[in-house]
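**Q** Below is the file target-v7.txt, which contains compact mmCIF, C-alpha atoms.
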```
# COMPACT_ATOMS: atom_id res chain seq x y z
CA MET A 635 81.58 111.93 105.74
CA LYS A 636 83.35 109.85 103.08
CA ILE A 637 87.07 109.11 103.45
CA LEU A 638 89.32 107.40 100.91
CA HIS A 639 92.41 105.87 102.53
CA ILE A 640 95.52 105.55 100.33
CA LEU A 641 97.57 102.62 101.57
CA ASP A 642 100.76 100.70 100.97
CA HIS A 643 99.02 97.35 101.57
CA SER A 644 96.04 95.96 103.46
CA LEU A 645 94.23 92.85 104.57
CA PRO A 646 94.41 89.95 103.77
CA ILE A 647 98.12 90.56 104.42
CA HIS A 648 98.78 90.43 108.18
CA SER A 649 101.10 93.10 109.58
CA GLY A 650 101.07 95.87 112.15
CA TYR A 651 100.35 98.24 109.26
CA THR A 652 97.25 96.35 108.13
CA PHE A 653 95.93 95.84 111.66
CA ARG A 654 96.13 99.59 112.36
CA THR A 655 94.37 100.28 109.05
CA ARG A 656 91.64 97.78 109.90
CA ALA A 657 91.12 99.34 113.32
CA ILE A 658 90.89 102.88 111.93
CA MET A 659 88.45 101.99 109.17
CA LYS A 660 86.26 99.81 111.43
CA ALA A 661 86.04 102.53 114.08
CA GLN A 662 85.22 105.16 111.46
CA ILE A 663 82.38 103.01 110.16
CA GLU A 664 81.09 102.75 113.74
CA MET A 665 81.05 106.56 113.82
CA GLY A 666 78.73 106.55 110.81
CA TRP A 667 81.32 107.51 108.19
CA GLU A 668 81.78 105.80 104.83
CA VAL A 669 85.29 104.53 104.11
CA ARG A 670 87.17 102.87 101.29
CA GLY A 671 90.81 101.96 100.83
CA VAL A 672 93.00 101.93 97.73
CA THR A 673 96.28 100.00 97.89
CA GLY A 674 99.51 100.36 95.95
CA PRO A 675 100.86 97.97 93.30
CA ARG A 676 103.76 96.42 95.21
CA TYR A 677 102.34 94.03 97.83
CA ASN A 678 98.90 93.14 96.55
CA LEU A 679 98.03 89.48 96.58
CA PRO A 680 95.98 88.24 93.61
CA SER A 681 92.49 89.43 94.54
CA PRO A 682 89.32 90.84 93.04
CA ASP A 683 88.72 94.57 92.66
CA PRO A 684 86.84 95.74 94.65
CA ASP A 685 87.99 93.37 97.37
CA ALA A 686 85.94 92.90 100.56
CA GLN A 687 88.05 91.98 103.58
CA ASP A 688 86.53 91.69 107.07
CA GLY A 689 83.68 93.98 106.08
CA LEU A 690 86.00 96.59 104.54
CA ILE A 691 86.19 97.48 100.86
CA PHE A 692 89.56 97.93 99.15
CA ARG A 693 90.31 98.96 95.57
CA ARG A 694 93.52 97.61 94.09
CA THR A 695 96.22 99.17 91.93
CA PRO A 696 97.28 96.62 89.33
CA ALA A 697 100.84 95.36 89.56
CA ILE A 698 103.39 97.08 87.36
CA LYS A 699 106.44 95.75 85.57
CA PRO A 700 109.38 95.67 88.01
CA ALA A 701 112.25 98.07 87.37
CA ARG A 702 115.41 99.13 89.16
CA ALA A 703 115.32 102.04 91.59
CA PRO A 704 114.33 104.78 91.22
CA ILE A 705 112.41 103.96 88.01
CA GLY A 706 110.33 101.31 89.78
CA GLU A 707 109.34 103.69 92.58
CA ILE A 708 108.46 106.46 90.12
CA ARG A 709 106.20 104.07 88.24
CA GLU A 710 104.59 102.84 91.47
CA VAL A 711 103.77 106.41 92.55
CA ALA A 712 102.30 107.19 89.15
CA ALA A 713 100.19 104.02 89.15
CA LEU A 714 98.86 104.60 92.67
CA SER A 715 98.09 108.27 92.06
CA ARG A 716 96.14 107.41 88.89
CA ARG A 717 94.22 104.65 90.64
CA ALA A 718 93.43 106.80 93.68
CA ALA A 719 92.24 109.64 91.45
CA ALA A 720 90.05 107.28 89.43
CA VAL A 721 88.47 105.74 92.53
CA ALA A 722 87.93 109.18 94.07
CA ALA A 723 86.37 110.59 90.87
CA GLU A 724 83.91 107.70 90.88
CA TRP A 725 83.17 107.53 94.62
CA LYS A 726 83.50 111.24 95.46
CA PRO A 727 85.00 111.23 98.96
CA ASP A 728 85.16 114.35 101.10
CA LEU A 729 88.92 113.98 101.52
CA LEU A 730 91.92 111.75 100.94
CA HIS A 731 93.78 110.18 103.86
CA ALA A 732 97.18 108.90 102.72
CA HIS A 733 99.26 106.72 105.03
CA SER A 734 103.05 106.49 105.00
CA PRO A 735 105.50 105.76 103.43
CA ALA A 736 106.23 109.05 101.71
CA LEU A 737 105.73 107.54 98.24
CA ASN A 738 102.08 107.01 99.16
CA GLY A 739 101.96 110.61 100.29
CA ILE A 740 103.28 111.81 96.93
CA ALA A 741 100.65 109.72 95.15
CA GLY A 742 98.03 111.22 97.44
CA LEU A 743 99.22 114.77 96.71
CA ARG A 744 98.93 114.18 92.98
CA ALA A 745 95.45 112.68 93.23
CA ALA A 746 94.30 115.46 95.58
CA LYS A 747 95.58 118.16 93.23
CA ALA A 748 93.95 116.54 90.21
CA LEU A 749 90.53 116.47 91.90
CA GLY A 750 90.66 119.54 94.12
CA LEU A 751 90.47 117.42 97.29
CA PRO A 752 92.15 118.04 100.65
CA LEU A 753 94.79 115.58 101.85
CA LEU A 754 95.61 114.36 105.35
CA TYR A 755 98.98 112.60 105.43
CA GLU A 756 99.58 110.13 108.26
CA ILE A 757 103.06 109.07 109.39
CA ARG A 758 103.31 105.76 111.23
CA ALA A 759 107.12 105.79 111.38
CA PHE A 760 109.96 107.56 109.64
CA TRP A 761 110.80 104.88 107.11
CA GLU A 762 114.46 105.85 106.91
CA ASP A 763 114.74 105.06 110.63
CA ALA A 764 112.74 101.85 110.19
CA ALA A 765 115.23 100.75 107.53
CA VAL A 766 118.08 101.34 109.98
CA GLY A 767 116.22 99.43 112.66
CA ASN A 768 115.58 96.35 110.53
CA GLY A 769 119.08 96.29 109.09
CA THR A 770 118.29 97.35 105.51
CA GLY A 771 119.58 100.91 105.80
CA ARG A 772 122.28 103.04 107.38
CA GLU A 773 121.74 106.34 109.18
CA GLY A 774 123.11 109.25 107.19
CA SER A 775 123.37 107.29 103.91
CA LEU A 776 122.20 108.75 100.61
CA MET A 777 119.00 106.66 100.73
CA TYR A 778 118.40 107.73 104.33
CA ARG A 779 118.69 111.40 103.42
CA LEU A 780 116.58 111.00 100.29
CA THR A 781 113.76 109.28 102.19
CA ARG A 782 113.83 112.03 104.83
CA THR A 783 113.70 114.69 102.09
CA LEU A 784 110.67 113.04 100.49
CA GLU A 785 108.92 112.91 103.87
CA ASN A 786 109.57 116.61 104.41
CA TYR A 787 108.26 117.34 100.91
CA VAL A 788 104.95 115.58 101.56
CA VAL A 789 104.52 117.07 105.05
CA ALA A 790 105.06 120.59 103.69
CA ARG A 791 102.39 120.18 101.00
CA ALA A 792 99.73 118.14 102.79
CA ASP A 793 96.79 120.06 104.19
CA ALA A 794 97.24 118.38 107.57
CA VAL A 795 99.49 115.76 109.12
CA ALA A 796 98.73 112.94 111.57
CA VAL A 797 101.32 110.99 113.54
CA ILE A 798 100.95 108.00 115.85
CA CYS A 799 102.84 109.38 118.85
CA GLU A 800 104.33 112.43 120.52
CA GLY A 801 107.85 111.38 119.55
CA LEU A 802 107.11 111.78 115.85
CA ARG A 803 105.25 115.05 116.45
CA SER A 804 108.17 116.54 118.38
CA ASP A 805 110.60 115.52 115.65
CA LEU A 806 108.49 117.20 112.95
CA ILE A 807 108.20 120.37 115.01
CA GLY A 808 111.98 120.31 115.32
CA ARG A 809 112.12 120.29 111.51
CA GLY A 810 110.09 123.47 111.41
CA VAL A 811 106.57 122.09 110.87
CA ALA A 812 103.89 124.24 112.52
CA PRO A 813 102.55 122.49 115.64
CA ASP A 814 98.94 123.28 114.74
CA LYS A 815 99.34 121.36 111.46
CA ILE A 816 100.03 118.09 113.30
CA MET A 817 97.55 115.91 115.13
CA VAL A 818 98.35 112.77 117.14
CA SER A 819 96.32 109.62 116.49
CA PRO A 820 98.00 107.09 118.77
CA ASN A 821 98.14 103.35 118.31
CA GLY A 822 95.17 101.72 119.94
CA VAL A 823 93.42 98.44 120.61
CA ASP A 824 90.06 97.15 119.47
CA LEU A 825 88.78 96.14 122.90
CA GLU A 826 86.05 93.97 121.39
CA LEU A 827 88.84 91.54 120.48
CA PHE A 828 90.06 91.25 124.07
CA GLY A 829 87.75 89.89 126.71
CA ASP A 830 88.88 88.04 129.80
CA PRO A 831 92.12 86.18 129.09
CA PRO A 832 91.70 82.43 128.65
CA PRO A 833 93.00 80.03 131.29
CA PRO A 834 96.46 78.59 130.66
CA ASP A 835 96.56 75.90 128.01
CA GLU A 836 97.98 73.12 130.16
CA ALA A 837 98.33 70.68 127.28
CA LEU A 838 100.44 73.18 125.38
CA ARG A 839 102.43 73.95 128.52
CA ALA A 840 103.31 70.27 128.90
CA GLN A 841 104.09 69.93 125.19
CA LEU A 842 106.58 72.82 125.40
CA GLY A 843 108.18 71.57 128.60
CA LEU A 844 107.13 74.62 130.62
CA ALA A 845 105.41 72.90 133.54
CA GLY A 846 106.35 74.64 136.79
CA CYS A 847 108.19 77.45 134.98
CA ASP A 848 108.12 81.21 135.42
CA VAL A 849 107.67 82.16 131.78
CA ILE A 850 109.06 85.32 130.19
CA GLY A 851 107.71 85.67 126.67
CA PHE A 852 107.97 87.59 123.43
CA ILE A 853 105.49 87.20 120.58
CA GLY A 854 106.23 89.10 117.41
CA SER A 855 108.76 89.68 114.64
CA PHE A 856 112.46 89.06 115.22
CA TYR A 857 114.09 92.30 114.07
CA ASP A 858 117.41 93.54 115.42
CA TYR A 859 115.85 96.62 117.03
CA GLU A 860 113.60 94.40 119.19
CA GLY A 861 116.65 93.56 121.33
CA LEU A 862 115.97 89.85 121.64
CA ASP A 863 119.70 89.16 121.69
CA ASP A 864 119.87 91.19 124.93
CA LEU A 865 116.96 89.19 126.34
CA ILE A 866 118.73 85.92 125.56
CA ALA A 867 121.94 87.33 127.08
CA ALA A 868 120.00 88.13 130.27
CA MET A 869 118.71 84.58 130.69
CA PRO A 870 121.78 82.99 132.39
CA LEU A 871 121.64 85.70 135.07
CA LEU A 872 117.89 85.32 135.50
CA VAL A 873 118.10 81.50 135.69
CA ALA A 874 120.88 81.75 138.29
CA ARG A 875 118.46 83.74 140.44
CA ARG A 876 115.24 81.96 139.43
CA PRO A 877 116.09 78.37 138.36
CA ASN A 878 112.55 77.81 137.08
CA ALA A 879 112.64 80.84 134.75
CA ALA A 880 112.08 80.09 131.07
CA LEU A 881 112.01 82.21 127.91
CA LEU A 882 109.35 81.55 125.26
CA LEU A 883 109.96 83.15 121.85
CA VAL A 884 107.08 82.99 119.37
CA GLY A 885 107.49 84.33 115.86
CA GLY A 886 110.23 84.73 113.30
CA GLY A 887 112.08 87.20 111.15
CA PRO A 888 115.51 88.32 109.91
CA MET A 889 117.27 87.70 113.24
CA GLU A 890 115.89 84.21 113.87
CA ASP A 891 118.94 82.21 112.77
CA ALA A 892 121.36 84.40 114.74
CA LEU A 893 119.16 84.24 117.84
CA ARG A 894 118.90 80.46 117.66
CA LYS A 895 122.68 80.18 117.41
CA GLN A 896 123.12 82.55 120.36
CA SER A 897 120.63 80.53 122.36
CA SER A 898 122.31 77.23 121.58
CA ALA A 899 125.62 78.59 122.91
CA SER A 900 124.04 80.05 126.07
CA PRO A 901 124.52 78.44 129.50
CA ALA A 902 120.74 78.83 129.79
CA ALA A 903 120.01 77.08 126.50
CA ALA A 904 117.73 74.52 128.15
CA SER A 905 115.53 77.34 129.44
CA ILE A 906 115.07 79.08 126.06
CA HIS A 907 112.27 77.81 123.81
CA PHE A 908 111.71 78.84 120.18
CA VAL A 909 108.30 78.05 118.78
CA GLY A 910 108.53 79.65 115.33
CA ARG A 911 105.62 81.33 113.63
CA VAL A 912 102.15 80.17 114.62
CA PRO A 913 98.75 80.73 112.96
CA HIS A 914 97.12 83.95 114.09
CA HIS A 915 94.17 82.12 115.64
CA GLU A 916 96.51 80.12 117.90
CA VAL A 917 98.53 83.03 119.30
CA GLU A 918 96.23 83.35 122.31
CA ARG A 919 97.21 79.83 123.43
CA TYR A 920 100.82 80.96 123.78
CA TYR A 921 99.88 84.22 125.50
CA SER A 922 98.06 82.12 128.10
CA LEU A 923 101.35 80.51 129.22
CA ILE A 924 103.35 83.72 129.67
CA ASP A 925 103.75 85.37 133.08
CA VAL A 926 105.56 88.48 131.81
CA LEU A 927 105.65 89.83 128.25
CA ALA A 928 109.09 91.34 127.62
CA TYR A 929 109.85 94.07 125.06
CA PRO A 930 113.62 94.73 125.23
CA ARG A 931 113.90 97.20 122.33
CA LYS A 932 117.31 98.74 121.70
CA LEU A 933 117.86 102.48 122.05
CA MET A 934 117.86 104.13 118.60
CA ARG A 935 115.87 106.80 116.77
CA LEU A 936 113.20 104.33 115.66
CA THR A 937 112.47 103.00 119.13
CA ASP A 938 112.81 106.36 120.84
CA LEU A 939 110.32 108.06 118.50
CA VAL A 940 107.76 105.36 117.68
CA THR A 941 105.32 103.59 119.98
CA PRO A 942 104.77 99.85 119.37
CA LEU A 943 101.40 98.11 119.42
CA LYS A 944 102.27 94.84 121.16
CA PRO A 945 102.53 96.19 124.75
CA LEU A 946 99.07 97.74 124.37
CA GLU A 947 97.61 94.44 123.22
CA ALA A 948 99.27 92.69 126.17
CA MET A 949 97.82 95.22 128.63
CA ALA A 950 94.40 94.88 126.99
CA GLN A 951 94.63 91.15 127.73
CA ARG A 952 95.52 91.94 131.35
CA ARG A 953 99.09 90.70 130.93
CA LEU A 954 102.14 91.94 132.80
CA VAL A 955 104.59 93.90 130.64
CA ALA A 956 108.26 94.71 131.10
CA ALA A 957 110.03 96.87 128.54
CA SER A 958 113.19 98.83 127.87
CA ASN A 959 113.17 102.46 128.90
CA VAL A 960 113.06 104.01 125.42
CA GLY A 961 110.84 106.88 124.33
CA GLY A 962 108.31 104.75 122.48
CA HIS A 963 107.74 102.61 125.58
CA ARG A 964 107.60 105.56 127.98
CA GLU A 965 104.56 106.90 126.10
CA LEU A 966 102.74 103.65 126.89
CA ILE A 967 104.05 102.34 130.21
CA GLU A 968 104.20 104.03 133.61
CA ASP A 969 107.00 102.32 135.50
CA GLY A 970 105.73 100.51 138.56
CA VAL A 971 102.09 101.25 137.74
CA THR A 972 101.13 99.74 134.38
CA GLY A 973 104.42 97.93 133.77
CA THR A 974 108.14 97.71 134.46
CA LEU A 975 110.79 99.71 132.60
CA PHE A 976 114.45 98.65 132.58
CA PRO A 977 117.55 100.23 130.97
CA PRO A 978 117.94 99.42 127.27
CA ASP A 979 120.93 97.49 125.89
CA ASP A 980 121.75 96.21 129.39
CA PRO A 981 121.19 92.45 129.93
CA PRO A 982 122.21 92.48 133.64
CA ALA A 983 119.75 95.30 134.39
CA MET A 984 117.08 93.46 132.42
CA ALA A 985 117.70 90.25 134.37
CA LYS A 986 117.44 92.15 137.65
CA ALA A 987 114.17 93.86 136.67
CA LEU A 988 112.60 90.57 135.56
CA GLY A 989 113.87 88.79 138.67
CA ASP A 990 112.46 91.49 140.95
CA LEU A 991 109.11 91.19 139.19
CA LEU A 992 109.03 87.41 139.54
CA ASP A 993 110.14 87.57 143.21
CA ASP A 994 107.26 89.81 144.31
CA ARG A 995 103.84 88.94 142.92
CA SER A 996 101.87 90.90 145.50
CA GLY A 997 101.06 93.74 143.09
CA TRP A 998 100.45 91.70 139.96
CA ASP A 999 96.66 91.83 140.02
CA GLN A 1000 96.60 95.59 140.53
CA ARG A 1001 99.13 96.17 137.77
CA ARG A 1002 97.12 94.04 135.36
CA ALA A 1003 94.00 96.04 136.21
CA ASP A 1004 95.80 99.38 135.85
CA GLY A 1005 97.16 98.38 132.45
CA ARG A 1006 93.71 97.43 131.20
CA ILE A 1007 92.22 100.69 132.52
CA PHE A 1008 94.92 102.70 130.73
CA VAL A 1009 94.11 101.02 127.43
CA GLU A 1010 90.38 101.52 127.91
CA ARG A 1011 90.77 105.23 128.69
CA GLU A 1012 93.68 106.29 126.49
CA ARG A 1013 94.24 103.71 123.73
CA ASN A 1014 90.77 102.48 122.82
CA TRP A 1015 90.18 102.83 119.07
CA ALA A 1016 86.68 104.11 119.67
CA VAL A 1017 88.30 107.06 121.50
CA ASN A 1018 91.30 107.44 119.18
CA VAL A 1019 89.34 107.73 115.97
CA SER A 1020 87.22 110.59 117.33
CA ARG A 1021 90.42 112.68 117.23
CA TYR A 1022 90.19 112.74 113.44
CA GLN A 1023 86.75 114.34 113.40
CA PRO A 1024 87.66 118.03 113.88
CA ILE A 1025 90.41 117.98 111.28
CA TYR A 1026 88.31 115.93 108.85
CA GLU A 1027 85.46 118.42 109.12
CA GLN A 1028 87.82 121.33 108.64
CA LEU A 1029 89.41 119.74 105.58
CA ALA A 1030 86.11 118.61 104.04
CA ARG A 1031 85.02 122.23 103.76
CA ARG A 1032 87.90 122.75 101.30
CA ARG A 1033 86.83 120.19 98.70
CA ALA A 1034 86.30 121.53 95.21
CA TYR A 1035 83.09 119.65 94.42
CA PRO A 1036 79.82 119.25 96.34
CA ALA A 1037 79.43 116.14 98.49
CA GLY A 1038 78.12 113.26 96.38
```
Translate this structure into structure tokens?

**A**
Amino acid sequence: MKILHILDHSLPIHSGYTFRTRAIMKAQIEMGWEVRGVTGPRYNLPSPDPDAQDGLIFRRTPAIKPARAPIGEIREVAALSRRAAAVAAEWKPDLLHAHSPALNGIAGLRAAKALGLPLLYEIRAFWEDAAVGNGTGREGSLMYRLTRTLENYVVARADAVAVICEGLRSDLIGRGVAPDKIMVSPNGVDLELFGDPPPPDEALRAQLGLAGCDVIGFIGSFYDYEGLDDLIAAMPLLVARRPNAALLLVGGGPMEDALRKQSSASPAAASIHFVGRVPHHEVERYYSLIDVLAYPRKLMRLTDLVTPLKPLEAMAQRRLVAASNVGGHRELIEDGVTGTLFPPDDPPAMAKALGDLLDDRSGWDQRRADGRIFVERERNWAVNVSRYQPIYEQLARRRAYPAG
């Protein structure tokens, strides 16, 4: 089986998008399949073509001359579709696997039609909702409706559709997409990357002033939808109950300046520690200091429909997780078993849930074990990728040329 993945961007860029791509392609190679990726023209770093990254081969679409919307997007789609078709004509895959956004899907449709190949289109999030979540879009706006229309266009014409969670699948079914056209390939974890968690880095603990503290932590990107402002707002209540409680925030993003200002004005300012972005290879040092990983996402379409990756990685590392009770978290966390769920957009309720968790540590070891078992059984990439096999085999029988 030979699969050509059509992608927005890839390694060496680090993002949730590229890490999911890496995991899929690595696991497919382990299954004995041949894989390649072709990336669009927008985000490519200067690199050779073909480009080998972490044992994976990517073909690159050359950058195009920038232009105002929608001319720039039209040119990007045309460039990616031509490049994907050229790579496919040379390499002769059994099928094309295009990954969102919808512009990639349109490029994939064009390349598939040109070569008589089947197309699987995979949706990782509805990008109109992602734009609302990160503050670059508004629900119901012209751009929102246009992006949704393009998504519907691709879904209707693809041979099959994959989504990363039940929330997205249910939404598509509500739009009239046939249930048997949609498969779920959930976010997962490469368990080879997560062995036993390292012991706490005591030198780093002392450097950060966290000695003797109960540490609540968040490691990731600072977008509005992550709800970190609610977490900071909960800290005075938590510190009043647990004077040794501290909040460790690792990362950065669009909300960083506003969050730092909010923290500085908080009565619990001395208990809130910003680290900034850290090199990827050092992240584990910060994880080692955290007692509870908190994910206080706000309630909105994006968070209700889409499952995040970070809680799974935390559970794979046998870390305690506490998260807001939104749909994306409920697909991953069983309250009181693999983690703690608290009401979204409610700092007092969040403070109470975190305080209750810190007060009673009797079940911590069991919860850590249950979280790891859940990831091993339900969110292991070796298991997840096998879900593609039946649909791949079905689609491969439709190709217009013999396997090469």

**Q** Identify which of the residues A:Leu645, A:Ile691, A:Ala759, A:Ser855 lies closest to Leu806 (chain A), counting all atoms listed in the file when measuring atom-to-atom distances.

**A** A:Ala759

**Q** Using all atoms listed in the file, what does the table of region 789-870 of chain A residues within 7 Å of region 740-758 of chain A look like, with each row giving the shortest atom pair and its distance in Å to one decimal, sorted by chain and ascending number, as a Markdown table?

**A**
```
| residue | atom | partner | partner_atom | distance |
| --- | --- | --- | --- | --- |
| A:Ala792 | CA | A:Leu753 | CA | 5.6 |
| A:Asp793 | CA | A:Leu753 | CA | 5.4 |
| A:Ala794 | CA | A:Leu754 | CA | 4.9 |
| A:Val795 | CA | A:Tyr755 | CA | 4.9 |
| A:Ala796 | CA | A:Glu756 | CA | 4.4 |
| A:Val797 | CA | A:Ile757 | CA | 4.9 |
| A:Ile798 | CA | A:Arg758 | CA | 5.7 |
```

**Q** For Phe1008 (chain A), find every residue with an atom within 12 Å (counting all atoms listed in the file), except residues of its own chain fewer than 2 positions away, and show them as an mmCIF file with C-alpha atoms, in the coordinates of the input.

**A**
```
data_model
loop_
_atom_site.group_PDB
_atom_site.id
_atom_site.type_symbol
_atom_site.label_atom_id
_atom_site.label_comp_id
_atom_site.auth_asym_id
_atom_site.auth_seq_id
_atom_site.Cartn_x
_atom_site.Cartn_y
_atom_site.Cartn_z
ATOM 1 C CA GLY A 822 95.170 101.720 119.940
ATOM 2 C CA VAL A 823 93.420 98.440 120.610
ATOM 3 C CA LEU A 825 88.780 96.140 122.900
ATOM 4 C CA PRO A 945 102.530 96.190 124.750
ATOM 5 C CA LEU A 946 99.070 97.740 124.370
ATOM 6 C CA GLU A 947 97.610 94.440 123.220
ATOM 7 C CA ALA A 948 99.270 92.690 126.170
ATOM 8 C CA MET A 949 97.820 95.220 128.630
ATOM 9 C CA ALA A 950 94.400 94.880 126.990
ATOM 10 C CA GLN A 951 94.630 91.150 127.730
ATOM 11 C CA ARG A 952 95.520 91.940 131.350
ATOM 12 C CA GLU A 965 104.560 106.900 126.100
ATOM 13 C CA LEU A 966 102.740 103.650 126.890
ATOM 14 C CA ILE A 967 104.050 102.340 130.210
ATOM 15 C CA GLU A 968 104.200 104.030 133.610
ATOM 16 C CA VAL A 971 102.090 101.250 137.740
ATOM 17 C CA THR A 972 101.130 99.740 134.380
ATOM 18 C CA GLY A 973 104.420 97.930 133.770
ATOM 19 C CA ARG A 1001 99.130 96.170 137.770
ATOM 20 C CA ARG A 1002 97.120 94.040 135.360
ATOM 21 C CA ALA A 1003 94.000 96.040 136.210
ATOM 22 C CA ASP A 1004 95.800 99.380 135.850
ATOM 23 C CA GLY A 1005 97.160 98.380 132.450
ATOM 24 C CA ARG A 1006 93.710 97.430 131.200
ATOM 25 C CA GLU A 1010 90.380 101.520 127.910
ATOM 26 C CA ARG A 1011 90.770 105.230 128.690
ATOM 27 C CA GLU A 1012 93.680 106.290 126.490
ATOM 28 C CA ARG A 1013 94.240 103.710 123.730
ATOM 29 C CA ASN A 1014 90.770 102.480 122.820
#
```

**Q** Neighbouring residues of region 864-879 of chain A were defined as those with any atom within 8 Å, considering all atoms listed in the file; residues of the same chain fewer than 6 positions away were excluded. Please report them as number ranges by chain.

**A** A: 846-850, 893, 896-897, 900-902, 905-906, 930, 979-982, 984-986, 988-989

**Q** Would you mind reading off the distance between CA of Thr673 (chain A) and CA of Pro700 (chain A), one decimal, in Å?

**A**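 Computing it gives 17.0 Å between the two atoms.
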
**Q** Which polymer residues have any atom within 9 Å of an atom of region 1022-1026 of chain A, counting all atoms listed in the file, with same-chain residues fewer than 6 positions away left out, as a list in words?

**A**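 Within the cut-off, the hits are Met635, Ile637, Asp728, Leu729, Leu754, Ala794, Ala796, Met817, Val818 and Ser819 of chain A.
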
**Q** Nearest residue to Val1019 (chain A) out of A:Asp824, A:Gly671, A:Asn768, A:Arg709, using all atoms listed in the file?

**A** A:Asp824

**Q** Can you find the residues with an atom no farther than 9 Å from (119.2, 102.0, 122.1), counting all atoms listed in the file, and report them as a ChimeraX atom specification?

**A** /A:859,861,931-935,937-938,958,960,978-979

**Q** Calculate how many Å separate CA of Glu890 (chain A) from CA of Asp863 (chain A), rounding to one decimal.

**A**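 One can read the CA of Glu890 (chain A) to CA of Asp863 (chain A) distance as 10.0 Å.
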
**Q** As a list in words, please: the residues near Pro675 (chain A) (cut-off 10 Å, all atoms listed in the file, same-chain neighbours under 2 positions excluded).

**A**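 The filter keeps Asp642, His643, Val672, Thr673, Tyr677, Asn678, Leu679, Arg694, Thr695, Pro696, Ala697, Ile698, Lys699, Arg709, Glu710, Val711, Ala713, Leu714 and Arg717 of chain A.
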
**Q** Please produce an output containing C-alpha atoms for each residue in the selection, written as a PDB file, keeping the file's coordinate frame.

**A**
```pdb
ATOM      1  CA  ASP A 642     100.760 100.700 100.970  1.00  0.00           C
ATOM      2  CA  HIS A 643      99.020  97.350 101.570  1.00  0.00           C
ATOM      3  CA  VAL A 672      93.000 101.930  97.730  1.00  0.00           C
ATOM      4  CA  THR A 673      96.280 100.000  97.890  1.00  0.00           C
ATOM      5  CA  TYR A 677     102.340  94.030  97.830  1.00  0.00           C
ATOM      6  CA  ASN A 678      98.900  93.140  96.550  1.00  0.00           C
ATOM      7  CA  LEU A 679      98.030  89.480  96.580  1.00  0.00           C
ATOM      8  CA  ARG A 694      93.520  97.610  94.090  1.00  0.00           C
ATOM      9  CA  THR A 695      96.220  99.170  91.930  1.00  0.00           C
ATOM     10  CA  PRO A 696      97.280  96.620  89.330  1.00  0.00           C
ATOM     11  CA  ALA A 697     100.840  95.360  89.560  1.00  0.00           C
ATOM     12  CA  ILE A 698     103.390  97.080  87.360  1.00  0.00           C
ATOM     13  CA  LYS A 699     106.440  95.750  85.570  1.00  0.00           C
ATOM     14  CA  ARG A 709     106.200 104.070  88.240  1.00  0.00           C
ATOM     15  CA  GLU A 710     104.590 102.840  91.470  1.00  0.00           C
ATOM     16  CA  VAL A 711     103.770 106.410  92.550  1.00  0.00           C
ATOM     17  CA  ALA A 713     100.190 104.020  89.150  1.00  0.00           C
ATOM     18  CA  LEU A 714      98.860 104.600  92.670  1.00  0.00           C
ATOM     19  CA  ARG A 717      94.220 104.650  90.640  1.00  0.00           C
TER      20      ARG A 717
END
```

**Q** Measuring between only C-alpha atoms, which one of A:Ser649, A:Val811, A:Ile705, A:Leu802 shows the shortest distance to His914 (chain A)?

**A**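 The answer is A:Ser649, which sits nearest to His914 (chain A).
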
**Q** Expressed in Å to a single decimal, how great is the separation between CA of Lys895 (chain A) and CA of Glu773 (chain A)?

**A**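 Interatomic distance, CA of Lys895 (chain A) to CA of Glu773 (chain A): 27.4 Å.
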